[in-house]
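Asks: My structure is below; once you've seen it, I'll send some questions.
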Amino acid sequence: MRLDPPRPREGTGTRTASTRTGAAISTCTASGTTLPGNQLAAGAARRFLRAALADWTSQGLPEAAAFTEQVVDDAILLVSELVTNAVIHAGTTVDVLCRLETRAQAAAEAFGDSGAREPGLVIEVSDQYPARVLRGDDRPDPGDHREGGRGLQLVAALSDAWGISYRRDRKTVWCRLDLTGPPPAAGSEESEDESEEPLRRGLRAAEILAPAPSGSARKADSDWINRGSLSFLAEASDLLAGQLDEDNVAVLATQLLVPRLADWCAVWLYGTGGRPRLSSVWHGAEHRIDGLRAVLEKTPPPPGLRSGTRLGGAMPWPWPATDDMWEHGGALAVPLVAAGRWHGTLLLGRTGLLGLPGEVVGLVEDFGRRVALAVDTARQYARQAMISTVLQRGLLPPAAGRIPGVDHAVVYEPTAGDWVGGDFYDLFPAGDGRWCFALGDVCGNGPEAASLTGIARPVLRLLAREGYGVPDVLDRLNKALADEAATALIGETGDWEGGQARFLSLLYGEIVPYATGRGARCTLASAGHPLPLVLTPDGRVREAASPQMLLGIGDDTRYDCESFDLTPGETLLCVTDGVTERRRGHRQFDDDDGLAAALGGCVGLNAVAVAERIRRAVHEYDDAPPADDLALLVLQAR
């Protein structure tokens with residue numbers, strides 16, 4: 001097999017180009033399109049390719065004479081499989097490019113280029129997921145970075161050359177069909193030597209995946225079941241296991257069966273109380289999907305279907321009668337049962353048969369069990385995600401309200417999209433005209449760190465509302481964290497983090513607005529936390545606190561505070577180390593006072609704009625996403 005690199009894509013439309021390579025002259029006509037990454041992409045790709053081939057034929061190109069029925073069928077199958085693979089594995093928009101490579105034979109002979117490549121049809125399918133490395137059709141190798149799956153096994157079998165190109169922003173899988181004119185006559189030496197030609201022209205996809213001797217279609221189907229069922233089920237299990245959304249499972253299930261084992265397929269899912277919902281419908285002829293869906297929605301299969309005494313066994317199902325009345329056939333209903341729960345029903349049909357063969361029924365039942373397990377797993381994941389979200393939202397502070405004389409803004413971004421991580425913030429009224437604020441960072445991140453966040457914030461609020469000042473609040477919280485009772489309270493968190501999860505850096509302070517409604521008196525202290533910065537209206541930046549010991553190190557530590565006036569127009573910026581220690585190679589965002597420089601450029605901005613400017617500067621510091629929780633609090637005196 002030749003693995004020639006694909007030619008660069010130059011855009012959509014049709015073009016003709018000539019290039020001189022060595023002693024040969026080649027010309028290339030191409031047509032391209034961009035398709036959405038959904039279930040309709042494969043059908044659109046097939047229609048696009050047919051239109052391109054018809055256009056080139058109508059132009060009278062000499063190479064178009066080699067567009068035999070076999071070449072067209074192979075090309076249609078290849079583009080369908082490549083686009084399907086791209087949609088399933090990448091899920092992005094898909095670019096399809098078809099190139100008709102021609103060769104000026106007279107020029108080739110004049111230059112003496114006896115090794116010139118034959119004319120050929122090249123199909124390129126690109127997605128926007130370059131990081132996805134797929135397997136090829138051979139046994140996986142640890143150092144092998146080729147893409148694969150059933151679709152590329154077909155590509156390897158049908159094409160004369162194929163390959164994969166990885167770029168920074170896309171991945172391209174391409175294949176080439178040589179246009180060598182009519183096939184050799186039957187019985188000739190070339191046609192009999194199958195060991196040198198991997199194409200096996202004329203075989204259907206099922207026969208390529210599970211080679212069978214020639215015979216009737218029924219025998220081919222039987223051999224497909226006998227030889228290819230394990231491969232099919234293994235691939236299905238692998239693809240279904242990667243889906244954590246029940247509707248994605250349903251869509252994937254229908255597209256795995258059509259057209260391999262059925263002409264149409266549908267999946268009903270049962271929600272709370274057993275109410276059925278038609279999750280996915282797929283037909284080999286895309287224009288019939290809407291009509292099929294409309295008919296199926298009228299007669300949903302009830303939960304509790306049984307085939308005799310077998311739970312989850314397939315049973316015959318009435319053929320849906322649509323307005324266009326396409327050819328009738330046999331249909332099956334397969335209950336989706338897993339862990340004793342009835343999750344839905346899989347319906348499928350195949351035209352031209354009064355009933356499906358027994359071996360096909362058995363394979364479909366095995367497939368249905370895998371779909372049911374995938375739906376059950378997706379629903380368990382959804383329930384756990386919902387519980388986690390509710391608990392994490394409970395750790396977030398309520399809205400602070402409006403502080404007299406002071407505007408505020410908060411940015412809070414936990415790692416990996418969690419609701420709560422190791423960083424936390426709070427801003428609340430403490431009585432007697434005082435407003436308290438806190439910005440903390442627990443050692444670590446994720447759920448373990450969030451468990452300590454759930455302890456620190458209520459303690460802070462309780463102490464502040466009891467009337468304790470800034471130093472006393474830090475002293476008492478430090479003792480609580482250093483005490484063995486606190487370690488017992490957070491369970492095994494200390495063990496998970498090597499005994500360090502009870503350590504906490506904290507910036508804590510209180511604001512007393514002036515009676516005039518302009519500005520406020522600010523008192524704060526920093527316990528092992530990045531120091532707060534004050535921006536004056538004339539652009540000067542100064543530190544507003546002194547560094548002190550982390551909380552939780554020892555119960556005999558005493559903390560001091562500093563007080564200052566936050567005058568109208570001045571801005572107080574408080575951040576966690578997710579801001580100051582944002583990395584780019586060996587450097588950090590706050591090296592050479594990078595945070596102060598960024599804040600100095602915020603003169604004239606309000607609190608919300610300052611917070612957004614700093615957040616954007618942190619994100620733009622490196623192309624990679626932040627690796628730590630990020631939180632910042634802005635207080636600006638009016």
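Here's how to read the names in the structure tokens: chain A, B, ... by the order shown, residue numbers from 1 in each chain, ligand numbers from 1 in the order shown.
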Near A:Asp407, within 7 Å and counting only C-alpha atoms, which residues show up once chain neighbours fewer than 6 positions away are dropped, as a list in words?
Replies: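 Once the adjacent positions are removed, what remains is Ala607, Leu635, Gln636, Ala637 and Arg638 of chain A.
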Asks: Go ahead and compute the interatomic distance for atom CA of A:Val87 and atom CA of A:Ala331, in Å to one decimal.
Replies: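 Atom-to-atom, atom CA of A:Val87 and atom CA of A:Ala331 are spaced 27.5 Å apart.
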Asks: I'd like the neighbourhood of A:Ala64 as a list in words, where a residue qualifies if any of its atoms comes within 9 Å (using only C-alpha atoms), though same-chain residues fewer than 4 positions away should be ignored.
Replies: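 My list of contacting residues is Leu53, Ala54, Trp56, Thr57, Ser58, Gln59, Gly60, Thr68, Leu100 and Leu179 of chain A.
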Asks: Write to file, as an mmCIF file, in the first residue's frame, the residues of the selection just made, with all heavy atoms.
Replies:
data_model
loop_
_atom_site.group_PDB
_atom_site.id
_atom_site.type_symbol
_atom_site.label_atom_id
_atom_site.label_comp_id
_atom_site.auth_asym_id
_atom_site.auth_seq_id
_atom_site.Cartn_x
_atom_site.Cartn_y
_atom_site.Cartn_z
ATOM 1 N N LEU A 53 -18.679 13.874 -9.645
ATOM 2 C CA LEU A 53 -18.357 12.918 -10.704
ATOM 3 C C LEU A 53 -19.191 13.191 -11.954
ATOM 4 O O LEU A 53 -18.704 13.099 -13.089
ATOM 5 C CB LEU A 53 -18.588 11.494 -10.202
ATOM 6 C CG LEU A 53 -17.705 11.033 -9.024
ATOM 7 C CD1 LEU A 53 -18.038 9.607 -8.634
ATOM 8 C CD2 LEU A 53 -16.235 11.173 -9.364
ATOM 9 N N ALA A 54 -20.482 13.531 -11.735
ATOM 10 C CA ALA A 54 -21.341 13.835 -12.882
ATOM 11 C C ALA A 54 -20.868 15.088 -13.608
ATOM 12 O O ALA A 54 -20.898 15.157 -14.846
ATOM 13 C CB ALA A 54 -22.787 14.006 -12.412
ATOM 14 N N TRP A 56 -17.752 16.284 -13.773
ATOM 15 C CA TRP A 56 -16.532 15.989 -14.535
ATOM 16 C C TRP A 56 -16.834 15.159 -15.776
ATOM 17 O O TRP A 56 -16.194 15.302 -16.812
ATOM 18 C CB TRP A 56 -15.518 15.273 -13.639
ATOM 19 C CG TRP A 56 -15.011 16.168 -12.530
ATOM 20 C CD1 TRP A 56 -14.962 17.513 -12.534
ATOM 21 C CD2 TRP A 56 -14.523 15.738 -11.270
ATOM 22 N NE1 TRP A 56 -14.453 17.984 -11.345
ATOM 23 C CE2 TRP A 56 -14.166 16.913 -10.545
ATOM 24 C CE3 TRP A 56 -14.334 14.503 -10.653
ATOM 25 C CZ2 TRP A 56 -13.650 16.868 -9.256
ATOM 26 C CZ3 TRP A 56 -13.805 14.453 -9.376
ATOM 27 C CH2 TRP A 56 -13.471 15.631 -8.682
ATOM 28 N N THR A 57 -17.831 14.267 -15.663
ATOM 29 C CA THR A 57 -18.225 13.476 -16.828
ATOM 30 C C THR A 57 -18.836 14.361 -17.905
ATOM 31 O O THR A 57 -18.545 14.220 -19.104
ATOM 32 C CB THR A 57 -19.221 12.386 -16.414
ATOM 33 O OG1 THR A 57 -18.619 11.539 -15.421
ATOM 34 C CG2 THR A 57 -19.637 11.538 -17.607
ATOM 35 N N SER A 58 -19.671 15.327 -17.466
ATOM 36 C CA SER A 58 -20.319 16.219 -18.442
ATOM 37 C C SER A 58 -19.313 17.135 -19.134
ATOM 38 O O SER A 58 -19.567 17.607 -20.241
ATOM 39 C CB SER A 58 -21.387 17.071 -17.746
ATOM 40 O OG SER A 58 -20.791 17.957 -16.801
ATOM 41 N N GLN A 59 -18.162 17.384 -18.483
ATOM 42 C CA GLN A 59 -17.130 18.208 -19.094
ATOM 43 C C GLN A 59 -16.351 17.452 -20.167
ATOM 44 O O GLN A 59 -15.526 18.047 -20.872
ATOM 45 C CB GLN A 59 -16.157 18.717 -18.023
ATOM 46 C CG GLN A 59 -16.775 19.654 -17.005
ATOM 47 C CD GLN A 59 -15.779 20.077 -15.948
ATOM 48 O OE1 GLN A 59 -14.573 20.084 -16.186
ATOM 49 N NE2 GLN A 59 -16.286 20.431 -14.771
ATOM 50 N N GLY A 60 -16.584 16.157 -20.261
ATOM 51 C CA GLY A 60 -15.903 15.358 -21.274
ATOM 52 C C GLY A 60 -14.451 15.088 -20.955
ATOM 53 O O GLY A 60 -13.646 14.860 -21.881
ATOM 54 N N THR A 68 -16.283 3.788 -13.931
ATOM 55 C CA THR A 68 -17.158 2.627 -14.043
ATOM 56 C C THR A 68 -18.087 2.560 -12.838
ATOM 57 O O THR A 68 -17.912 3.261 -11.839
ATOM 58 C CB THR A 68 -16.326 1.341 -14.122
ATOM 59 O OG1 THR A 68 -15.595 1.202 -12.895
ATOM 60 C CG2 THR A 68 -15.353 1.396 -15.285
ATOM 61 N N LEU A 100 -9.619 14.993 -9.001
ATOM 62 C CA LEU A 100 -9.426 14.123 -10.159
ATOM 63 C C LEU A 100 -8.039 14.419 -10.708
ATOM 64 O O LEU A 100 -7.810 15.469 -11.308
ATOM 65 C CB LEU A 100 -10.499 14.379 -11.218
ATOM 66 C CG LEU A 100 -10.384 13.527 -12.487
ATOM 67 C CD1 LEU A 100 -10.477 12.051 -12.152
ATOM 68 C CD2 LEU A 100 -11.461 13.937 -13.485
ATOM 69 N N LEU A 179 -7.395 5.217 -11.675
ATOM 70 C CA LEU A 179 -8.303 5.132 -12.821
ATOM 71 C C LEU A 179 -7.535 4.499 -13.972
ATOM 72 O O LEU A 179 -6.902 5.177 -14.775
ATOM 73 C CB LEU A 179 -8.820 6.522 -13.195
ATOM 74 C CG LEU A 179 -9.578 7.267 -12.092
ATOM 75 C CD1 LEU A 179 -9.990 8.658 -12.554
ATOM 76 C CD2 LEU A 179 -10.802 6.466 -11.654
#
Asks: To test your reading of the structure, identify every residue in stretch 381-630 of chain A that backbone DSSP assigns to helix (DSSP H, G or I), and report it as a VMD selection string.
Replies: chain A and resid 381 to 395 415 to 417 446 to 465 470 to 482 484 to 489 493 to 496 577 to 580 594 to 600 607 to 620
Asks: Generate a file of the selected residues that holds C-alpha atoms, formatted as a PDB file, in the first residue's frame.
Replies:
ATOM      1  CA  TYR A 381     -23.444   9.385  35.170  1.00  0.00           C
ATOM      2  CA  ALA A 382     -26.169  12.014  34.663  1.00  0.00           C
ATOM      3  CA  ARG A 383     -27.584  11.341  38.146  1.00  0.00           C
ATOM      4  CA  GLN A 384     -24.149  11.568  39.765  1.00  0.00           C
ATOM      5  CA  ALA A 385     -23.344  14.737  37.825  1.00  0.00           C
ATOM      6  CA  MET A 386     -26.619  16.299  38.969  1.00  0.00           C
ATOM      7  CA  ILE A 387     -25.934  15.413  42.628  1.00  0.00           C
ATOM      8  CA  SER A 388     -22.395  16.753  42.351  1.00  0.00           C
ATOM      9  CA  THR A 389     -23.627  19.965  40.749  1.00  0.00           C
ATOM     10  CA  VAL A 390     -26.230  20.549  43.454  1.00  0.00           C
ATOM     11  CA  LEU A 391     -23.683  19.961  46.223  1.00  0.00           C
ATOM     12  CA  GLN A 392     -21.067  22.151  44.566  1.00  0.00           C
ATOM     13  CA  ARG A 393     -23.520  24.985  43.959  1.00  0.00           C
ATOM     14  CA  GLY A 394     -24.298  24.863  47.666  1.00  0.00           C
ATOM     15  CA  LEU A 395     -20.661  25.761  48.367  1.00  0.00           C
ATOM     16  CA  THR A 415     -10.232  23.961  37.130  1.00  0.00           C
ATOM     17  CA  ALA A 416     -11.783  21.692  34.463  1.00  0.00           C
ATOM     18  CA  GLY A 417     -15.163  23.417  34.558  1.00  0.00           C
ATOM     19  CA  GLY A 446     -11.031  19.546  43.109  1.00  0.00           C
ATOM     20  CA  PRO A 447     -13.441  17.806  45.547  1.00  0.00           C
ATOM     21  CA  GLU A 448     -10.808  17.255  48.248  1.00  0.00           C
ATOM     22  CA  ALA A 449     -10.023  20.964  48.407  1.00  0.00           C
ATOM     23  CA  ALA A 450     -13.701  21.878  48.150  1.00  0.00           C
ATOM     24  CA  SER A 451     -14.404  19.882  51.324  1.00  0.00           C
ATOM     25  CA  LEU A 452     -12.193  22.271  53.298  1.00  0.00           C
ATOM     26  CA  THR A 453     -13.808  25.232  51.532  1.00  0.00           C
ATOM     27  CA  GLY A 454     -17.095  24.023  53.006  1.00  0.00           C
ATOM     28  CA  ILE A 455     -15.546  24.370  56.487  1.00  0.00           C
ATOM     29  CA  ALA A 456     -13.629  27.637  56.149  1.00  0.00           C
ATOM     30  CA  ARG A 457     -16.406  29.845  54.758  1.00  0.00           C
ATOM     31  CA  PRO A 458     -19.054  29.129  57.448  1.00  0.00           C
ATOM     32  CA  VAL A 459     -16.440  29.603  60.190  1.00  0.00           C
ATOM     33  CA  LEU A 460     -15.435  32.962  58.700  1.00  0.00           C
ATOM     34  CA  ARG A 461     -19.026  34.149  58.546  1.00  0.00           C
ATOM     35  CA  LEU A 462     -19.801  32.971  62.057  1.00  0.00           C
ATOM     36  CA  LEU A 463     -16.764  34.691  63.611  1.00  0.00           C
ATOM     37  CA  ALA A 464     -17.305  37.919  61.654  1.00  0.00           C
ATOM     38  CA  ARG A 465     -20.951  38.184  62.662  1.00  0.00           C
ATOM     39  CA  VAL A 470      -9.769  40.742  61.312  1.00  0.00           C
ATOM     40  CA  PRO A 471      -6.810  39.467  63.455  1.00  0.00           C
ATOM     41  CA  ASP A 472      -9.102  37.528  65.819  1.00  0.00           C
ATOM     42  CA  VAL A 473     -10.941  35.867  62.932  1.00  0.00           C
ATOM     43  CA  LEU A 474      -7.657  34.618  61.462  1.00  0.00           C
ATOM     44  CA  ASP A 475      -6.361  33.465  64.876  1.00  0.00           C
ATOM     45  CA  ARG A 476      -9.441  31.372  65.582  1.00  0.00           C
ATOM     46  CA  LEU A 477      -9.722  29.940  62.074  1.00  0.00           C
ATOM     47  CA  ASN A 478      -6.040  28.981  62.245  1.00  0.00           C
ATOM     48  CA  LYS A 479      -6.602  27.106  65.505  1.00  0.00           C
ATOM     49  CA  ALA A 480      -9.615  25.321  64.021  1.00  0.00           C
ATOM     50  CA  LEU A 481      -7.601  24.147  61.035  1.00  0.00           C
ATOM     51  CA  ALA A 482      -4.585  23.133  63.112  1.00  0.00           C
ATOM     52  CA  GLU A 484      -6.981  17.469  65.276  1.00  0.00           C
ATOM     53  CA  ALA A 485     -10.738  17.805  65.411  1.00  0.00           C
ATOM     54  CA  ALA A 486     -10.658  19.703  62.101  1.00  0.00           C
ATOM     55  CA  THR A 487      -8.631  16.900  60.525  1.00  0.00           C
ATOM     56  CA  ALA A 488     -11.208  14.362  61.697  1.00  0.00           C
ATOM     57  CA  LEU A 489     -13.997  16.578  60.406  1.00  0.00           C
ATOM     58  CA  THR A 493      -8.871  14.517  52.792  1.00  0.00           C
ATOM     59  CA  GLY A 494      -5.645  14.943  54.693  1.00  0.00           C
ATOM     60  CA  ASP A 495      -4.501  11.467  53.670  1.00  0.00           C
ATOM     61  CA  TRP A 496      -5.296  12.105  49.991  1.00  0.00           C
ATOM     62  CA  ASP A 577      -2.122  32.123  43.003  1.00  0.00           C
ATOM     63  CA  GLY A 578      -3.992  30.828  39.950  1.00  0.00           C
ATOM     64  CA  VAL A 579      -3.454  34.371  38.646  1.00  0.00           C
ATOM     65  CA  THR A 580       0.066  35.153  39.863  1.00  0.00           C
ATOM     66  CA  GLY A 594       3.434  41.403  35.798  1.00  0.00           C
ATOM     67  CA  LEU A 595       0.202  41.663  37.815  1.00  0.00           C
ATOM     68  CA  ALA A 596       0.977  45.240  38.902  1.00  0.00           C
ATOM     69  CA  ALA A 597       1.726  46.171  35.290  1.00  0.00           C
ATOM     70  CA  ALA A 598      -1.580  44.677  34.122  1.00  0.00           C
ATOM     71  CA  LEU A 599      -3.474  46.527  36.875  1.00  0.00           C
ATOM     72  CA  GLY A 600      -1.701  49.772  36.015  1.00  0.00           C
ATOM     73  CA  ALA A 607     -14.788  47.309  38.764  1.00  0.00           C
ATOM     74  CA  VAL A 608     -16.330  44.894  36.263  1.00  0.00           C
ATOM     75  CA  ALA A 609     -14.055  46.052  33.460  1.00  0.00           C
ATOM     76  CA  VAL A 610     -10.955  45.756  35.685  1.00  0.00           C
ATOM     77  CA  ALA A 611     -11.886  42.171  36.603  1.00  0.00           C
ATOM     78  CA  GLU A 612     -12.430  41.246  32.955  1.00  0.00           C
ATOM     79  CA  ARG A 613      -9.185  42.925  31.852  1.00  0.00           C
ATOM     80  CA  ILE A 614      -7.129  40.951  34.402  1.00  0.00           C
ATOM     81  CA  ARG A 615      -8.954  37.702  33.620  1.00  0.00           C
ATOM     82  CA  ARG A 616      -8.304  38.103  29.907  1.00  0.00           C
ATOM     83  CA  ALA A 617      -4.642  38.951  30.504  1.00  0.00           C
ATOM     84  CA  VAL A 618      -4.224  35.755  32.535  1.00  0.00           C
ATOM     85  CA  HIS A 619      -5.843  33.594  29.856  1.00  0.00           C
ATOM     86  CA  GLU A 620      -3.880  35.206  27.034  1.00  0.00           C
TER      87      GLU A 620
END
Asks: Can you tell me which residues surround A:Glu124 at a distance of at most 10 Å, considering only C-alpha atoms, apart from same-chain residues fewer than 6 positions away, and format the answer as a list in words?
Replies: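 Result of the neighbour search: Pro6, Arg7, Pro8, Arg9, Gly32, Val79, Leu82, Val83, Asp95, Val96, Leu97, Cys98, Arg99, Trp162, Gly163, Ile164, Thr172, Val173, Trp174, Cys175 and Arg176 of chain A.
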Asks: Grab the residues selected above and save them as a compact mmCIF listing (two decimals), in the first residue's frame with C-alpha atoms.
Replies:
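File produced: selection05.txt:
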# COMPACT_ATOMS: atom_id res chain seq x y z
CA PRO A 6 -2.26 14.48 0.40
CA ARG A 7 -2.05 17.62 -1.65
CA PRO A 8 -2.91 20.85 0.21
CA ARG A 9 -6.51 21.97 0.23
CA GLY A 32 -14.79 20.69 -2.07
CA VAL A 79 -16.50 8.98 1.34
CA LEU A 82 -14.60 8.53 6.12
CA VAL A 83 -17.24 11.16 6.91
CA ASP A 95 -14.39 19.28 5.05
CA VAL A 96 -14.65 17.00 1.99
CA LEU A 97 -12.37 17.48 -1.01
CA CYS A 98 -12.49 15.34 -4.19
CA ARG A 99 -9.63 15.60 -6.69
CA TRP A 162 -4.35 6.09 1.62
CA GLY A 163 -2.89 8.02 4.48
CA ILE A 164 -3.41 10.50 7.31
CA THR A 172 -7.04 14.79 7.18
CA VAL A 173 -7.69 11.20 6.11
CA TRP A 174 -7.32 10.67 2.37
CA CYS A 175 -7.55 7.79 -0.08
CA ARG A 176 -6.90 7.29 -3.81
Asks: Give me every strand (DSSP E or B) residue in stretch 29-86 of chain A, going by DSSP on the backbone, as a list in words.
Replies: Thr29, Ala30, Ser31, Gly32, Thr33, Thr34 and Leu35 of chain A
Asks: Take the residues from that selection and put them in a file with N, CA and C atoms, as a PDB file, in the first residue's frame.
Replies:
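Result saved to again-v9.pdb:
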ATOM      1  N   THR A  29      -8.151  18.457 -11.104  1.00  0.00           N
ATOM      2  CA  THR A  29      -9.433  19.120 -10.979  1.00  0.00           C
ATOM      3  C   THR A  29     -10.031  18.731  -9.636  1.00  0.00           C
ATOM      4  N   ALA A  30     -10.515  19.710  -8.869  1.00  0.00           N
ATOM      5  CA  ALA A  30     -10.962  19.424  -7.506  1.00  0.00           C
ATOM      6  C   ALA A  30     -12.259  20.145  -7.207  1.00  0.00           C
ATOM      7  N   SER A  31     -13.008  19.572  -6.288  1.00  0.00           N
ATOM      8  CA  SER A  31     -14.245  20.174  -5.810  1.00  0.00           C
ATOM      9  C   SER A  31     -14.358  19.872  -4.328  1.00  0.00           C
ATOM     10  N   GLY A  32     -14.747  20.874  -3.519  1.00  0.00           N
ATOM     11  CA  GLY A  32     -14.788  20.688  -2.075  1.00  0.00           C
ATOM     12  C   GLY A  32     -16.043  21.274  -1.471  1.00  0.00           C
ATOM     13  N   THR A  33     -16.356  20.824  -0.258  1.00  0.00           N
ATOM     14  CA  THR A  33     -17.510  21.324   0.475  1.00  0.00           C
ATOM     15  C   THR A  33     -17.253  21.150   1.961  1.00  0.00           C
ATOM     16  N   THR A  34     -17.991  21.885   2.779  1.00  0.00           N
ATOM     17  CA  THR A  34     -17.933  21.772   4.238  1.00  0.00           C
ATOM     18  C   THR A  34     -19.290  21.319   4.742  1.00  0.00           C
ATOM     19  N   LEU A  35     -19.285  20.284   5.613  1.00  0.00           N
ATOM     20  CA  LEU A  35     -20.519  19.686   6.109  1.00  0.00           C
ATOM     21  C   LEU A  35     -20.589  19.810   7.626  1.00  0.00           C
TER      22      LEU A  35
END
Asks: Give me the residues within 7 Å of A:Leu573 as number ranges by chain, counting only C-alpha atoms and dropping any in the same chain fewer than 6 places off.
Replies: A: 532-534, 633-635
Asks: Using atom CA of A:Ala372 and atom CA of A:His343 as the two end points, give the distance in Å to one decimal.
Replies: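 Answer for the atom CA of A:Ala372 to atom CA of A:His343 separation: 6.7 Å.
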Asks: Can you tell me how far atom CA of A:Leu507 sits from atom CA of A:His586, in Å to one decimal?
Replies: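 Going from atom CA of A:Leu507 over to atom CA of A:His586 covers 26.8 Å.
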Asks: Return the single residue from A:Ser165, A:Gln380, A:Thr523, A:Ser159 that is closest to A:Asp245, with distances computed using only C-alpha atoms.
Replies: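 Going through A:Ser165, A:Gln380, A:Thr523, A:Ser159 one by one, the smallest distance to A:Asp245 is for A:Gln380.
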Asks: Which residues are close to A:Gly329, i.e. within 8 Å by only C-alpha atoms, leaving aside same-chain residues fewer than 5 positions away? Reply as a ChimeraX atom specification.
Replies: /A:319,349-355
Asks: Between A:Tyr270, A:Trp282, A:Trp342, A:Tyr412, which has the minimum distance to A:Arg369 (counting only C-alpha atoms)?
Replies: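 Comparing A:Tyr270, A:Trp282, A:Trp342, A:Tyr412 against A:Arg369, the winner is A:Trp342.
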Asks: Within 9 Å of A:Arg293, counting only C-alpha atoms, which residues show up once you throw out same-chain ones fewer than 6 positions away? Write them as an NGL selection string, please.
Replies: :A and (266 or 278 or 280-282)
Asks: Those residues you just picked out, can you put them in a file as an mmCIF file, in the first residue's frame with all heavy atoms?
Replies:
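Dumped everything to again-v6.cif:
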data_model
loop_
_atom_site.group_PDB
_atom_site.id
_atom_site.type_symbol
_atom_site.label_atom_id
_atom_site.label_comp_id
_atom_site.auth_asym_id
_atom_site.auth_seq_id
_atom_site.Cartn_x
_atom_site.Cartn_y
_atom_site.Cartn_z
ATOM 1 N N ALA A 266 -34.593 2.743 14.951
ATOM 2 C CA ALA A 266 -35.073 3.784 15.866
ATOM 3 C C ALA A 266 -34.853 3.322 17.293
ATOM 4 O O ALA A 266 -34.860 2.119 17.583
ATOM 5 C CB ALA A 266 -36.549 4.100 15.627
ATOM 6 N N LEU A 278 -39.075 9.188 21.686
ATOM 7 C CA LEU A 278 -38.358 8.738 20.495
ATOM 8 C C LEU A 278 -37.059 9.535 20.394
ATOM 9 O O LEU A 278 -37.056 10.688 19.968
ATOM 10 C CB LEU A 278 -39.224 8.927 19.247
ATOM 11 C CG LEU A 278 -38.669 8.350 17.937
ATOM 12 C CD1 LEU A 278 -38.320 6.879 18.081
ATOM 13 C CD2 LEU A 278 -39.667 8.551 16.802
ATOM 14 N N SER A 280 -33.966 8.704 18.739
ATOM 15 C CA SER A 280 -33.215 8.745 17.482
ATOM 16 C C SER A 280 -33.897 7.885 16.433
ATOM 17 O O SER A 280 -34.397 6.791 16.730
ATOM 18 C CB SER A 280 -31.780 8.250 17.706
ATOM 19 O OG SER A 280 -31.049 8.234 16.502
ATOM 20 N N VAL A 281 -33.907 8.395 15.190
ATOM 21 C CA VAL A 281 -34.425 7.657 14.029
ATOM 22 C C VAL A 281 -33.400 7.796 12.911
ATOM 23 O O VAL A 281 -32.891 8.892 12.654
ATOM 24 C CB VAL A 281 -35.789 8.203 13.570
ATOM 25 C CG1 VAL A 281 -36.263 7.454 12.328
ATOM 26 C CG2 VAL A 281 -36.814 8.099 14.680
ATOM 27 N N TRP A 282 -33.104 6.682 12.253
ATOM 28 C CA TRP A 282 -32.144 6.720 11.152
ATOM 29 C C TRP A 282 -32.606 5.793 10.045
ATOM 30 O O TRP A 282 -33.136 4.710 10.295
ATOM 31 C CB TRP A 282 -30.760 6.329 11.633
ATOM 32 C CG TRP A 282 -29.681 6.550 10.598
ATOM 33 C CD1 TRP A 282 -28.905 5.614 9.988
ATOM 34 C CD2 TRP A 282 -29.288 7.803 10.050
ATOM 35 N NE1 TRP A 282 -28.043 6.210 9.104
ATOM 36 C CE2 TRP A 282 -28.259 7.560 9.109
ATOM 37 C CE3 TRP A 282 -29.703 9.119 10.250
ATOM 38 C CZ2 TRP A 282 -27.651 8.559 8.385
ATOM 39 C CZ3 TRP A 282 -29.095 10.126 9.515
ATOM 40 C CH2 TRP A 282 -28.067 9.836 8.603
#
